[in-house]
$ cat data-v7.cif   # mmCIF, C-alpha atoms and all ligand atoms
data_my_file
loop_
_atom_site.label_atom_id
_atom_site.label_comp_id
_atom_site.auth_asym_id
_atom_site.auth_seq_id
_atom_site.Cartn_x
_atom_site.Cartn_y
_atom_site.Cartn_z
CA MET A 1 -35.71 -2.12 -3.48
CA LYS A 2 -36.43 -5.08 -5.74
CA LEU A 3 -37.11 -8.48 -4.19
CA SER A 4 -34.49 -10.02 -6.47
CA GLU A 5 -31.83 -7.79 -4.87
CA ILE A 6 -32.93 -8.84 -1.40
CA TYR A 7 -32.68 -12.51 -2.28
CA GLN A 8 -29.36 -12.02 -4.03
CA ALA A 9 -27.92 -10.55 -0.82
CA TYR A 10 -29.63 -13.05 1.41
CA HIS A 11 -28.25 -15.93 -0.63
CA LEU A 12 -24.74 -15.03 0.61
CA ILE A 13 -25.83 -14.94 4.23
CA HIS A 14 -27.69 -18.21 3.96
CA LYS A 15 -24.63 -19.81 2.42
CA PHE A 16 -22.42 -18.44 5.21
CA ILE A 17 -24.57 -19.92 7.96
CA GLU A 18 -25.73 -23.15 6.38
CA GLU A 19 -22.45 -24.02 4.68
CA SER A 20 -19.97 -22.33 6.98
CA TYR A 21 -17.03 -24.26 5.51
CA GLN A 22 -17.38 -21.98 2.45
CA ALA A 23 -16.14 -19.06 4.52
CA VAL A 24 -13.02 -20.97 5.47
CA ILE A 25 -12.31 -21.88 1.87
CA GLN A 26 -13.03 -18.54 0.28
CA GLY A 27 -11.42 -16.31 2.84
CA PRO A 28 -11.72 -12.64 3.76
CA LEU A 29 -13.05 -11.32 0.45
CA PHE A 30 -16.01 -13.63 0.62
CA ASN A 31 -16.56 -12.69 4.27
CA GLU A 32 -16.49 -9.01 3.42
CA ALA A 33 -19.15 -9.57 0.76
CA ILE A 34 -21.35 -11.30 3.37
CA PHE A 35 -20.75 -8.52 5.88
CA ASN A 36 -21.70 -5.93 3.23
CA ALA A 37 -24.75 -7.97 2.23
CA SER A 38 -25.99 -8.03 5.83
CA ARG A 39 -25.59 -4.25 6.10
CA PHE A 40 -27.32 -3.79 2.76
CA LEU A 41 -30.28 -5.88 3.94
CA ILE A 42 -30.59 -4.18 7.33
CA SER A 43 -30.52 -0.75 5.74
CA ASN A 44 -33.04 -1.68 3.05
CA LEU A 45 -35.48 -4.15 4.58
CA GLY A 46 -37.11 -1.84 7.10
CA LYS A 47 -40.34 -3.53 8.14
CA ARG A 48 -40.51 -5.80 5.11
CA GLN A 49 -40.40 -9.49 5.83
CA PRO A 50 -40.08 -11.38 2.55
CA LEU A 51 -40.83 -15.08 2.57
CA GLY A 52 -38.00 -17.31 3.78
CA ILE A 53 -35.77 -14.49 5.02
CA SER A 54 -34.59 -14.84 8.60
CA LYS A 55 -33.64 -11.67 10.43
CA VAL A 56 -31.74 -13.76 12.98
CA TYR A 57 -29.48 -15.00 10.18
CA ILE A 58 -28.85 -11.46 8.94
CA TYR A 59 -28.02 -10.02 12.37
CA TYR A 60 -25.98 -13.08 13.26
CA ALA A 61 -23.81 -12.64 10.15
CA LEU A 62 -23.51 -8.92 10.91
CA SER A 63 -22.34 -9.53 14.47
CA ILE A 64 -19.95 -12.40 13.85
CA LEU A 65 -18.28 -10.72 10.87
CA GLY A 66 -18.43 -7.23 12.37
CA PHE A 67 -16.42 -8.55 15.30
CA ARG A 68 -13.98 -10.28 12.98
CA PHE A 69 -13.43 -7.04 11.01
CA GLU A 70 -13.11 -5.06 14.27
CA ALA A 71 -16.27 -3.12 13.50
CA PHE A 72 -17.31 -3.56 17.13
CA LYS A 73 -19.94 -0.84 17.19
CA THR A 74 -21.75 -2.39 14.24
CA ALA A 75 -21.40 -5.88 15.71
CA ARG A 76 -23.11 -4.63 18.87
CA VAL A 77 -26.08 -3.39 16.84
CA GLY A 78 -26.51 -6.99 15.73
CA TYR A 79 -26.21 -8.48 19.21
CA ASP A 80 -28.66 -5.94 20.65
CA LYS A 81 -31.17 -6.70 17.92
CA MET A 82 -30.81 -10.45 18.36
CA GLN A 83 -31.93 -10.11 21.98
CA GLN A 84 -35.33 -9.04 20.66
CA LEU A 85 -35.55 -11.92 18.20
CA LYS A 86 -36.24 -15.60 18.65
CA ILE A 87 -32.89 -17.35 18.44
CA PRO A 88 -32.48 -21.10 17.89
CA THR A 89 -31.81 -22.66 21.31
CA GLN A 90 -28.56 -24.28 20.23
CA TRP A 91 -27.18 -20.83 19.28
CA GLN A 92 -28.03 -19.14 22.56
CA GLU A 93 -24.91 -19.95 24.52
CA GLU A 94 -22.56 -19.12 21.67
CA ILE A 95 -24.29 -15.79 21.04
CA ASP A 96 -24.29 -14.83 24.74
CA LEU A 97 -20.58 -15.50 24.96
CA ALA A 98 -19.77 -13.65 21.74
CA ASN A 99 -21.91 -10.73 22.89
CA LEU A 100 -19.98 -10.51 26.14
CA LYS A 101 -16.68 -10.65 24.27
CA CYS A 102 -17.84 -7.85 21.99
CA ARG A 103 -18.78 -5.66 24.96
CA SER A 104 -15.21 -5.82 26.21
CA LYS A 105 -14.09 -4.08 23.00
CA PRO A 106 -14.19 -0.34 22.25
CA PHE A 107 -17.58 1.00 21.14
CA SER A 108 -16.38 2.01 17.69
CA ASP A 109 -15.71 0.65 14.24
CA LYS A 110 -12.21 0.20 12.93
CA GLU A 111 -10.97 3.32 11.20
CA GLY A 112 -11.30 3.31 7.44
CA PHE A 113 -14.40 1.16 7.56
CA GLN A 114 -16.87 4.03 7.29
CA VAL A 115 -18.77 4.59 4.08
CA ILE A 116 -17.70 7.78 2.33
CA CYS A 117 -20.42 9.38 0.18
CA ASN A 118 -19.23 9.94 -3.37
CA ARG A 119 -21.37 13.02 -3.72
CA CYS A 120 -20.67 15.07 -0.57
CA MET A 121 -17.79 13.11 1.02
CA THR A 122 -19.67 12.73 4.32
CA SER A 123 -18.44 9.79 6.35
CA ASN A 124 -21.43 7.54 7.11
CA SER A 125 -21.74 4.85 9.74
CA LEU A 126 -21.98 1.26 8.56
CA ILE A 127 -25.69 0.95 9.18
CA ASN A 128 -28.49 3.36 8.52
CA HIS A 129 -31.79 2.00 9.77
CA SER A 130 -33.75 4.56 7.74
CA GLY A 131 -32.39 3.34 4.42
CA ASP A 132 -29.30 2.81 2.28
CA PHE A 133 -28.46 6.47 1.70
CA CYS A 134 -26.03 9.17 2.80
CA THR A 135 -27.11 10.95 5.99
CA GLY A 136 -25.40 14.13 4.77
CA CYS A 137 -27.06 14.69 1.39
CA GLY A 138 -29.59 11.88 0.99
CA GLN A 139 -27.84 10.30 -2.00
CA THR A 140 -28.83 6.64 -2.36
CA PHE A 141 -25.80 4.36 -2.38
CA ILE A 142 -25.39 2.29 -5.50
CA ARG A 143 -23.97 -1.14 -4.75
CA ASN A 144 -22.55 -3.85 -6.90
CA LEU A 145 -24.58 -6.99 -6.44
CA ILE A 146 -21.62 -9.35 -6.07
CA GLY A 147 -19.57 -7.86 -3.25
CA PHE A 148 -22.27 -5.41 -2.07
CA ASP A 149 -19.76 -2.61 -1.64
CA THR A 150 -20.75 0.91 -2.70
CA LEU A 151 -19.76 1.97 -6.19
CA PRO A 152 -18.29 5.42 -6.95
CA LEU A 153 -21.40 6.43 -8.86
CA VAL A 154 -23.74 9.34 -8.35
CA GLU A 155 -27.13 9.27 -9.99
CA PHE A 156 -28.41 12.58 -11.32
CA THR A 157 -31.27 13.90 -13.42
CA PRO A 158 -30.67 16.70 -15.92
CA ALA A 159 -32.94 19.73 -15.60
CA ALA A 160 -36.16 19.27 -17.58
CA HIS A 161 -35.62 22.34 -19.80
CA ILE A 162 -32.34 21.02 -21.31
CA PRO A 163 -33.04 19.18 -24.59
CA LEU A 164 -32.06 15.50 -24.63
CA LYS A 165 -29.51 16.07 -27.40
CA SER A 166 -27.66 18.73 -25.40
CA VAL A 167 -27.58 16.38 -22.41
CA THR A 168 -26.07 13.50 -24.39
CA ASP A 169 -23.60 15.88 -26.09
CA ALA A 170 -22.49 17.25 -22.73
CA LEU A 171 -22.04 13.74 -21.35
CA ARG A 172 -19.82 12.81 -24.30
CA MET A 173 -17.62 15.90 -23.90
CA ASP A 174 -14.19 15.68 -22.30
CA PRO A 175 -13.53 17.74 -19.19
CA PRO A 176 -11.92 21.16 -19.88
CA GLU A 177 -8.31 20.64 -20.94
CA ASP A 178 -6.64 24.00 -20.40
CA GLY A 179 -7.95 24.56 -16.89
CA SER A 180 -8.42 28.24 -17.85
CA TYR A 181 -11.30 28.70 -15.45
CA GLN A 182 -8.92 27.91 -12.60
CA GLY A 183 -6.88 31.03 -13.40
CA ALA A 184 -4.09 29.22 -15.23
CA LYS A 185 -2.15 30.97 -17.98
CA PRO A 186 -3.77 30.66 -21.42
CA GLN A 187 -2.35 29.16 -24.57
CA ALA A 188 0.62 31.62 -24.94
CA LYS A 189 3.02 29.36 -23.12
CA LYS A 190 2.33 26.28 -25.15
CA PRO A 191 3.98 23.42 -23.31
CA TYR A 192 6.46 21.25 -25.13
CA ARG A 193 4.76 18.19 -23.78
CA ALA A 194 2.05 16.65 -25.93
CA HIS A 195 0.14 15.86 -22.79
CA GLN A 196 -3.40 17.15 -22.98
CA ASP A 197 -3.94 17.39 -19.25
CA GLY A 198 -4.04 21.02 -18.09
CA TRP A 199 -3.10 20.04 -14.59
CA GLN A 200 0.20 18.57 -15.72
CA GLU A 201 1.03 21.44 -18.09
CA ASN A 202 0.93 23.90 -15.22
CA GLY A 203 2.55 21.58 -12.78
CA ASN A 204 5.66 23.72 -12.21
CA PRO A 205 4.60 27.38 -12.19
CA HIS A 206 7.37 28.52 -9.84
CA GLY A 207 10.11 27.21 -12.13
CA GLU A 208 9.08 29.60 -14.91
CA GLU A 209 9.85 32.83 -13.09
ZN ZN A 301 -23.64 12.51 0.70
#
$ encode --input "data-v7.cif" --output "structure tokens" --more "lines below"
Ligand SMILES: [Zn+2]
Amino acid sequence: MKLSEIYQAYHLIHKFIEESYQAVIQGPLFNEAIFNASRFLISNLGKRQPLGISKVYIYYALSILGFRFEAFKTARVGYDKMQQLKIPTQWQEEIDLANLKCRSKPFSDKEGFQVICNRCMTSNSLINHSGDFCTGCGQTFIRNLIGFDTLPLVEFTPAAHIPLKSVTDALRMDPPEDGSYQGAKPQAKKPYRAHQDGWQENGNPHGEE
């Protein structure tokens, strides 16, 4: 991962902690972006320790916001990790208390918060310490660098033996319109609708009998 991406994500977290009034002003969308940014950093940083980046800040944001979004399991990851890190003394009491509060909650993340892989539809947990990829198929998640949520994109490489022109032609082509390969009836029953979508043309097969 590029350093610029790390700093872009860390910028949000730094802002959240140093200028916490921002979170109050900007509301849940902004908080979700910070929560996503902390997950993005934890999954991607590994053992890297770029200059000026505080792991305490990252795990603190993860825990506080994880709790707020009812992602209690993920919040606990943050609290556990913070016990191994050097925390500013003035934070200690607050963190201990928040940690205790989190432990009284179920050890799970709120439903619907999991990351669904766009390639294989595996449901992934919110943090993968080995990297920012799907545990089912290994697809790297592609994130937008503003809200740090995963985009519905799948990167692929065409086979080497296909000429470049055929690849670009195939990419420009529309998906099949008649759906014939799905066993639908061919052109004979030309629908009266001008709609080009095969799925809609065959939408009422029982009515034709
Ligand atoms: Zn996958």
$ residues_around --input "data-v7.cif" --residues "stretch 150-167 of chain A" --least-positions-apart "5" --cutoff "10 Å" --atoms "all atoms listed in the file" --output "compact mmCIF listing (two decimals) with C-alpha atoms, keeping the file's coordinate frame"
# COMPACT_ATOMS: atom_id res chain seq x y z
CA ASN A 36 -21.70 -5.93 3.23
CA PHE A 40 -27.32 -3.79 2.76
CA VAL A 115 -18.77 4.59 4.08
CA ILE A 116 -17.70 7.78 2.33
CA CYS A 117 -20.42 9.38 0.18
CA ASN A 118 -19.23 9.94 -3.37
CA ARG A 119 -21.37 13.02 -3.72
CA GLN A 139 -27.84 10.30 -2.00
CA THR A 140 -28.83 6.64 -2.36
CA PHE A 141 -25.80 4.36 -2.38
CA ILE A 142 -25.39 2.29 -5.50
CA ARG A 143 -23.97 -1.14 -4.75
CA ASN A 144 -22.55 -3.85 -6.90
CA LEU A 145 -24.58 -6.99 -6.44
CA ARG A 172 -19.82 12.81 -24.30
$ closest_residue --input "data-v7.cif" --among "A:Glu177, A:Asp132, A:Asp149, A:Glu94" --to "ligand ZN 301 (chain A)" --atoms "only C-alpha atoms and all ligand atoms"
A:Asp132
$ closest_residue --input "data-v7.cif" --among "A:Pro106, A:Gly66, A:Gly112, A:Gly136" --to "ligand ZN 301 (chain A)" --atoms "all atoms listed in the file"
A:Gly136
$ closest_residue --input "data-v7.cif" --among "A:Ala170, A:Ala9, A:Cys120, A:Leu65" --to "ligand ZN 301 (chain A)" --atoms "all atoms listed in the file"
A:Cys120
$ atom_distance --input "data-v7.cif" --atom1 "atom CA of A:Val77" --atom2 "atom CA of A:Leu12"
20.0 Å
$ residues_around --input "data-v7.cif" --residues "A:Lys73" --least-positions-apart "6" --cutoff "6 Å" --atoms "only C-alpha atoms" --output "count of residues only"
3
$ axis_aligned_box --input "data-v7.cif" --around "stretch 136-143 of chain A" --padding-each-side "4 Å" --output "lines of an AutoDock Vina configuration file"
center_x = -26.8
center_y = 6.8
center_z = -0.4
size_x = 13.6
size_y = 23.8
size_z = 18.3
$ closest_residue --input "data-v7.cif" --among "A:Leu3, A:Met121, A:Ile64, A:Ala75" --to "ligand ZN 301 (chain A)" --atoms "only C-alpha atoms and all ligand atoms"
A:Met121
$ residues_around --input "data-v7.cif" --residues "stretch 41-44 of chain A" --least-positions-apart "6" --cutoff "8 Å" --atoms "only C-alpha atoms" --output "list in words"
Met1, Ile6, Ala9, Tyr10, Ile58, Ile127, Asn128, His129, Ser130, Gly131 and Asp132 of chain A
$ atom_distance --input "data-v7.cif" --atom1 "atom CA of A:Tyr59" --atom2 "atom CA of A:Gly78"
4.8 Å
